[in-house]
Amino acid sequence: MRILMLLLLSSWCTTLLAATNVTTQIYDIDMGQVNEEPLIFLTNGQVVTIPVSATSDLEYLREAQRNKKWLNIHIDNKREIIGLGPGGSPIREIKRKREMNIENEFQPSILENMGMASSFFKQARSNARNESECFNRAHAWAYEWRIKENLYSSKVWLFFTRRYIRKYKFEWWFHVAPMVHVIDGGTVKERIMDMKYARGPADLKRWTNIFIKDRSDCPVVEKYSEQANHPESGSCFVMKSSMYYYQPVDLERLELMKDVRTRWDEVEVRKAFQDAFNEEL
Amino acid sequence: MKYFFILMLLYSCSEGGGSSNNIVAPPIIDTLETVEEEGIFQALLKPVNKAIGQHLNGALTLVKENNEFIADVRLSAGPASVLHTQHLHIGSRCPDSKDDINGDGFIDGFEGAEVYKEVLIPLDDDLSSQRMGGGIYPASDEFGFYYYSKATNFQKMMDDLWEEDINLTDEYVKLRLNEKLTLKNKVVVILGIPASTLLPDTVSGYGRLTPHQALPIACGVVQKLTQVPGVIDSDSTDIPIPRGGSIGGSNGGEDDGAIFNTDSQPEGPGNYGED
């Protein structure tokens, strides 16, 4: 159950459709100021709204949040909840062991030139499901590169602050993509490989500008709490990790429990391929 | 505001011998410290009782911007599945082991309150009022996590804090009329552990709270946030260029290849999909 909840609590970056039905739990309800539409943080990754006047629905959502009930929620193209009802958990309980090892140090592969990075970019699958979640896509891409090309890639995590989400009514609270290290101009550079949102390997600023409407810089932090404890500072934060980290909760566990990830987790890889590419491994 | 200071300083000078004349001088230093400040304030939460939530992590963030007041509390790896009463107190420090008066190994609700003192702002369902929030506080999930976020009209909150304190015996205090709200150096305290937790009989409750409900688990002193963590990316790394430039890479020693074949060790590419 613990793992199930960790999976659910951290899945924050679903690609949105125009109007959609989702089965999810309620992670948080941010009421904002008087007469502001409340922000409903769903555990599937979306941030949606509900009219202030819908008091009975709000109470229903609060109760669902308290009791961790699964809900079927119908969301319109303005990301407003237009229908609510009970739903069943779509994810079966999964148990797995977790390695505890802080001694190992991940070393990313270093690509010889930008051409190689572009080649990896083009070679990656481009048939992701529209409604797939970013962390599943990133995990599947990274796994496939490792297995087929022996590429040890990294991941870059973009966290949007509460302030930014409120200001722009932004629909995600994190996004993640693979990152590779490339020799360019006599130095090793990091290039983001977001096959969903970019046309090729991008530097960090170019990548964050895709999502940060005010184009502000996103400070790069080392620890999960450095961004999580600053919900009202600026628009965004960036974290970098090895390819093995699947969800934000893994970054938090690294900080709190020294739970270093040094290998793939079967359950996560299977789930990533299923969600991202509708493929059973 | 400048004129206010000058007037107060002049008043202070002219009343320098006030105590000998039985005239009570205004608390000039206190008044100077209560200058209302805009900005972001933060209290990093630390465990109060080491035996409980030693990995606990989180922060209170307060924002005073124009006429808006926002409070966020993030708590992670705290006690699981329990209601957490949370208040901003008028004290200026968090309790530590020296405040364990009865030496039972726990800072309980009574011992803690001796240090963090009365409540100024309950971080409950309604920030604009000490009472209207109705004691509705956040509850942690089964992993000991919760996130609380509330916003209110700052003036509305101040109007409430300036009201007459009609109950001088409870743990809530009001500001003096027109006294500015100082956030810096106030103390945030999170209370509450599951009722099933074994505690010695020496652990006290506080007010109407049971020993478990009143037990302080996390505390932090509010400071003005003057810088944001992290560095701005410079599009460069300090990784040396490998000889000849190669794909290389390592996971740190463990095999990470065919995750579905734990008995056989993959030697390279081509094992995708093996099961």
# chains A, B, ... in the order shown; residues from 1 in each chain; ligands from 1

call {"tool": "select_by_dssp", "arguments": {"residues": "segment 104-169 of chain A", "states": "alpha helix (DSSP H)", "output": "PDB file with C-alpha atoms, in the first residue's frame"}}
result
ATOM      1  CA  MET A 114      25.856  17.203 -30.463  1.00  0.00           C
ATOM      2  CA  GLY A 115      25.243  15.067 -33.509  1.00  0.00           C
ATOM      3  CA  MET A 116      25.143  12.011 -31.287  1.00  0.00           C
ATOM      4  CA  ALA A 117      22.715  13.732 -28.933  1.00  0.00           C
ATOM      5  CA  SER A 118      20.504  14.640 -31.883  1.00  0.00           C
ATOM      6  CA  SER A 119      20.686  11.078 -33.088  1.00  0.00           C
ATOM      7  CA  PHE A 120      19.495   9.769 -29.716  1.00  0.00           C
ATOM      8  CA  PHE A 121      16.755  12.377 -29.760  1.00  0.00           C
ATOM      9  CA  LYS A 122      15.515  11.299 -33.186  1.00  0.00           C
ATOM     10  CA  GLN A 123      15.826   7.635 -32.392  1.00  0.00           C
ATOM     11  CA  CYS A 134       5.929  12.971 -18.241  1.00  0.00           C
ATOM     12  CA  PHE A 135       7.681  10.840 -15.636  1.00  0.00           C
ATOM     13  CA  ASN A 136       6.561   7.684 -17.405  1.00  0.00           C
ATOM     14  CA  ARG A 137       7.777   8.937 -20.777  1.00  0.00           C
ATOM     15  CA  ALA A 138      11.101  10.028 -19.318  1.00  0.00           C
ATOM     16  CA  HIS A 139      11.584   6.685 -17.587  1.00  0.00           C
ATOM     17  CA  ALA A 140      10.751   4.632 -20.659  1.00  0.00           C
ATOM     18  CA  TRP A 141      13.026   6.684 -22.918  1.00  0.00           C
ATOM     19  CA  ALA A 142      15.891   6.477 -20.453  1.00  0.00           C
ATOM     20  CA  TYR A 143      15.449   2.749 -19.957  1.00  0.00           C
ATOM     21  CA  GLU A 144      15.352   2.068 -23.679  1.00  0.00           C
ATOM     22  CA  TRP A 145      18.525   4.091 -24.295  1.00  0.00           C
ATOM     23  CA  ARG A 146      20.284   2.224 -21.511  1.00  0.00           C
ATOM     24  CA  ILE A 147      19.219  -1.186 -22.717  1.00  0.00           C
ATOM     25  CA  LYS A 148      19.620  -0.659 -26.460  1.00  0.00           C
ATOM     26  CA  GLU A 149      22.501   1.820 -26.579  1.00  0.00           C
ATOM     27  CA  ARG A 162       2.650  27.407  -5.794  1.00  0.00           C
ATOM     28  CA  ARG A 163       2.949  31.088  -6.586  1.00  0.00           C
ATOM     29  CA  TYR A 164       3.490  30.298 -10.275  1.00  0.00           C
ATOM     30  CA  ILE A 165       0.637  27.782 -10.377  1.00  0.00           C
ATOM     31  CA  ARG A 166      -1.739  30.326  -8.829  1.00  0.00           C
ATOM     32  CA  LYS A 167      -0.585  33.202 -11.002  1.00  0.00           C
ATOM     33  CA  TYR A 168      -0.891  31.421 -14.317  1.00  0.00           C
TER      34      TYR A 168
END

call {"tool": "closest_atom_pairs", "arguments": {"of": "chain A", "to": "chain B", "cutoff": "7 Å", "atoms": "only C-alpha atoms", "output": "tab-separated table"}}
result
residue	atom	partner	partner_atom	distance
A:Asp30	CA	B:Ser149	CA	6.0
A:Met31	CA	B:Lys150	CA	6.6
A:Gly32	CA	B:Ala151	CA	5.3
A:Gln33	CA	B:Ala151	CA	5.4
A:Asn104	CA	B:Gly252	CA	4.5
A:Glu105	CA	B:Gly252	CA	4.7
A:Phe106	CA	B:Asn251	CA	4.6
A:Gln107	CA	B:Ser250	CA	4.9
A:Pro108	CA	B:Gly249	CA	4.6
A:Ser109	CA	B:Gly249	CA	3.9
A:Ile110	CA	B:Ile247	CA	5.2
A:Leu111	CA	B:Ile247	CA	5.4
A:Glu112	CA	B:Gly245	CA	5.2
A:Ile147	CA	B:Pro269	CA	5.4
A:Lys148	CA	B:Pro269	CA	4.6
A:Glu149	CA	B:Pro269	CA	5.8
A:Asn150	CA	B:Pro269	CA	6.0
A:Leu151	CA	B:Ile247	CA	6.6
A:Tyr152	CA	B:Gly249	CA	5.5
A:Thr187	CA	B:Ile241	CA	6.7
A:Val188	CA	B:Thr237	CA	5.9
A:Lys189	CA	B:Ser236	CA	5.2
A:Glu190	CA	B:Asp235	CA	6.9
A:Asp203	CA	B:Asp235	CA	6.8
A:Asp217	CA	B:Ile232	CA	6.8
A:Cys218	CA	B:Ile232	CA	6.7
A:Pro219	CA	B:Gly230	CA	4.8
A:Val220	CA	B:Gly230	CA	4.8
A:Val221	CA	B:Gly230	CA	4.3
A:Glu226	CA	B:Pro229	CA	6.3
A:Asn229	CA	B:Ala59	CA	5.4
A:Ser233	CA	B:Val228	CA	6.7
A:Leu256	CA	B:His55	CA	5.9
A:Thr262	CA	B:Asn251	CA	5.7
A:Arg263	CA	B:Asp256	CA	4.8
A:Trp264	CA	B:Asp256	CA	5.9
A:Glu266	CA	B:Ile259	CA	6.0
A:Leu281	CA	B:Gly273	CA	5.8

call {"tool": "atom_distance", "arguments": {"atom1": "atom CA of Leu158 of chain A", "atom2": "atom CA of Val238 of chain A"}}
result
4.7 Å

call {"tool": "closest_residue", "arguments": {"among": "B:Val82, B:Ile101, B:Ala214, B:Leu88", "to": "Val187 of chain B", "atoms": "only C-alpha atoms"}}
result
B:Leu88

call {"tool": "atom_distance", "arguments": {"atom1": "atom CA of Asp124 of chain B", "atom2": "atom CA of Ile136 of chain B"}}
result
5.4 Å

call {"tool": "closest_atom_pairs", "arguments": {"of": "segment 75-191 of chain B", "to": "segment 197-211 of chain B", "cutoff": "10 Å", "atoms": "only C-alpha atoms", "output": "tab-separated table"}}
result
residue	atom	partner	partner_atom	distance
B:Pro79	CA	B:Thr197	CA	9.8
B:Thr85	CA	B:Leu209	CA	9.8
B:Asn102	CA	B:Thr202	CA	7.7
B:Gly103	CA	B:Thr202	CA	9.3
B:Asp104	CA	B:Thr202	CA	6.8
B:Gly105	CA	B:Val203	CA	9.2
B:Phe106	CA	B:Val203	CA	7.0
B:Ile107	CA	B:Val203	CA	7.9
B:Asp108	CA	B:Val203	CA	5.6
B:Gly109	CA	B:Tyr206	CA	5.2
B:Phe110	CA	B:Tyr206	CA	5.4
B:Glu111	CA	B:Ser204	CA	8.2
B:Gly112	CA	B:Tyr206	CA	9.3
B:Ala113	CA	B:Tyr206	CA	8.1
B:Asp170	CA	B:Gly207	CA	8.0
B:Glu171	CA	B:Gly207	CA	7.8
B:Leu191	CA	B:Leu209	CA	9.9

call {"tool": "write_last_selection", "arguments": {"atoms": "N, CA and C atoms", "output": "PDB file, in the first residue's frame"}}
result
ATOM      1  N   PRO B  79       4.760  12.403  12.069  1.00  0.00           N
ATOM      2  CA  PRO B  79       3.859  11.338  12.520  1.00  0.00           C
ATOM      3  C   PRO B  79       2.723  11.144  11.516  1.00  0.00           C
ATOM      4  N   THR B  85      -2.424  20.260  15.080  1.00  0.00           N
ATOM      5  CA  THR B  85      -2.674  21.639  15.476  1.00  0.00           C
ATOM      6  C   THR B  85      -1.409  22.437  15.191  1.00  0.00           C
ATOM      7  N   ASN B 102      10.859  18.195  33.668  1.00  0.00           N
ATOM      8  CA  ASN B 102      10.781  17.011  34.542  1.00  0.00           C
ATOM      9  C   ASN B 102      11.753  15.899  34.129  1.00  0.00           C
ATOM     10  N   GLY B 103      12.538  16.153  33.111  1.00  0.00           N
ATOM     11  CA  GLY B 103      13.588  15.209  32.733  1.00  0.00           C
ATOM     12  C   GLY B 103      13.107  13.851  32.285  1.00  0.00           C
ATOM     13  N   ASP B 104      11.905  13.808  31.717  1.00  0.00           N
ATOM     14  CA  ASP B 104      11.379  12.504  31.284  1.00  0.00           C
ATOM     15  C   ASP B 104      11.730  12.169  29.836  1.00  0.00           C
ATOM     16  N   GLY B 105      12.523  13.023  29.218  1.00  0.00           N
ATOM     17  CA  GLY B 105      12.938  12.742  27.840  1.00  0.00           C
ATOM     18  C   GLY B 105      12.007  13.294  26.791  1.00  0.00           C
ATOM     19  N   PHE B 106      10.928  13.932  27.209  1.00  0.00           N
ATOM     20  CA  PHE B 106       9.977  14.523  26.257  1.00  0.00           C
ATOM     21  C   PHE B 106       9.736  15.993  26.591  1.00  0.00           C
ATOM     22  N   ILE B 107       9.707  16.814  25.546  1.00  0.00           N
ATOM     23  CA  ILE B 107       9.195  18.177  25.699  1.00  0.00           C
ATOM     24  C   ILE B 107       7.694  18.062  25.483  1.00  0.00           C
ATOM     25  N   ASP B 108       6.917  18.182  26.539  1.00  0.00           N
ATOM     26  CA  ASP B 108       5.472  18.017  26.366  1.00  0.00           C
ATOM     27  C   ASP B 108       4.803  19.360  26.111  1.00  0.00           C
ATOM     28  N   GLY B 109       3.464  19.329  26.020  1.00  0.00           N
ATOM     29  CA  GLY B 109       2.721  20.539  25.684  1.00  0.00           C
ATOM     30  C   GLY B 109       2.931  21.651  26.694  1.00  0.00           C
ATOM     31  N   PHE B 110       2.974  21.286  27.947  1.00  0.00           N
ATOM     32  CA  PHE B 110       3.151  22.295  28.998  1.00  0.00           C
ATOM     33  C   PHE B 110       4.564  22.881  28.953  1.00  0.00           C
ATOM     34  N   GLU B 111       5.552  22.001  28.878  1.00  0.00           N
ATOM     35  CA  GLU B 111       6.948  22.475  28.856  1.00  0.00           C
ATOM     36  C   GLU B 111       7.223  23.307  27.599  1.00  0.00           C
ATOM     37  N   GLY B 112       6.625  22.877  26.510  1.00  0.00           N
ATOM     38  CA  GLY B 112       6.828  23.615  25.262  1.00  0.00           C
ATOM     39  C   GLY B 112       6.235  25.011  25.324  1.00  0.00           C
ATOM     40  N   ALA B 113       5.010  25.100  25.864  1.00  0.00           N
ATOM     41  CA  ALA B 113       4.323  26.394  25.907  1.00  0.00           C
ATOM     42  C   ALA B 113       5.059  27.398  26.786  1.00  0.00           C
ATOM     43  N   ASP B 170      -7.095  32.225  28.252  1.00  0.00           N
ATOM     44  CA  ASP B 170      -6.809  31.167  27.272  1.00  0.00           C
ATOM     45  C   ASP B 170      -5.414  31.353  26.663  1.00  0.00           C
ATOM     46  N   GLU B 171      -5.052  30.494  25.731  1.00  0.00           N
ATOM     47  CA  GLU B 171      -3.685  30.537  25.184  1.00  0.00           C
ATOM     48  C   GLU B 171      -3.548  31.524  24.024  1.00  0.00           C
ATOM     49  N   LEU B 191       1.821  20.499  16.482  1.00  0.00           N
ATOM     50  CA  LEU B 191       1.548  19.560  17.577  1.00  0.00           C
ATOM     51  C   LEU B 191       0.906  18.281  17.042  1.00  0.00           C
TER      52      LEU B 191
END

call {"tool": "closest_residue", "arguments": {"among": "B:Leu183, B:Ile190, B:Met158, B:Leu127", "to": "Ser92 of chain B", "atoms": "only C-alpha atoms"}}
result
B:Leu183

call {"tool": "select_by_dssp", "arguments": {"residues": "segment 46-226 of chain A", "states": "strand (DSSP E or B)", "output": "PyMOL selection string"}}
result
chain A and resi 47-49+71-75+80-86+107+110-111+133+154-160+174-184+187-192+202+220

call {"tool": "closest_residue", "arguments": {"among": "A:Val22, A:Val52, A:Ile210, A:Ala177", "to": "Gly85 of chain A", "atoms": "only C-alpha atoms"}}
result
A:Val22

call {"tool": "atom_distance", "arguments": {"atom1": "atom CA of Asp265 of chain A", "atom2": "atom CA of Trp172 of chain A"}}
result
25.1 Å
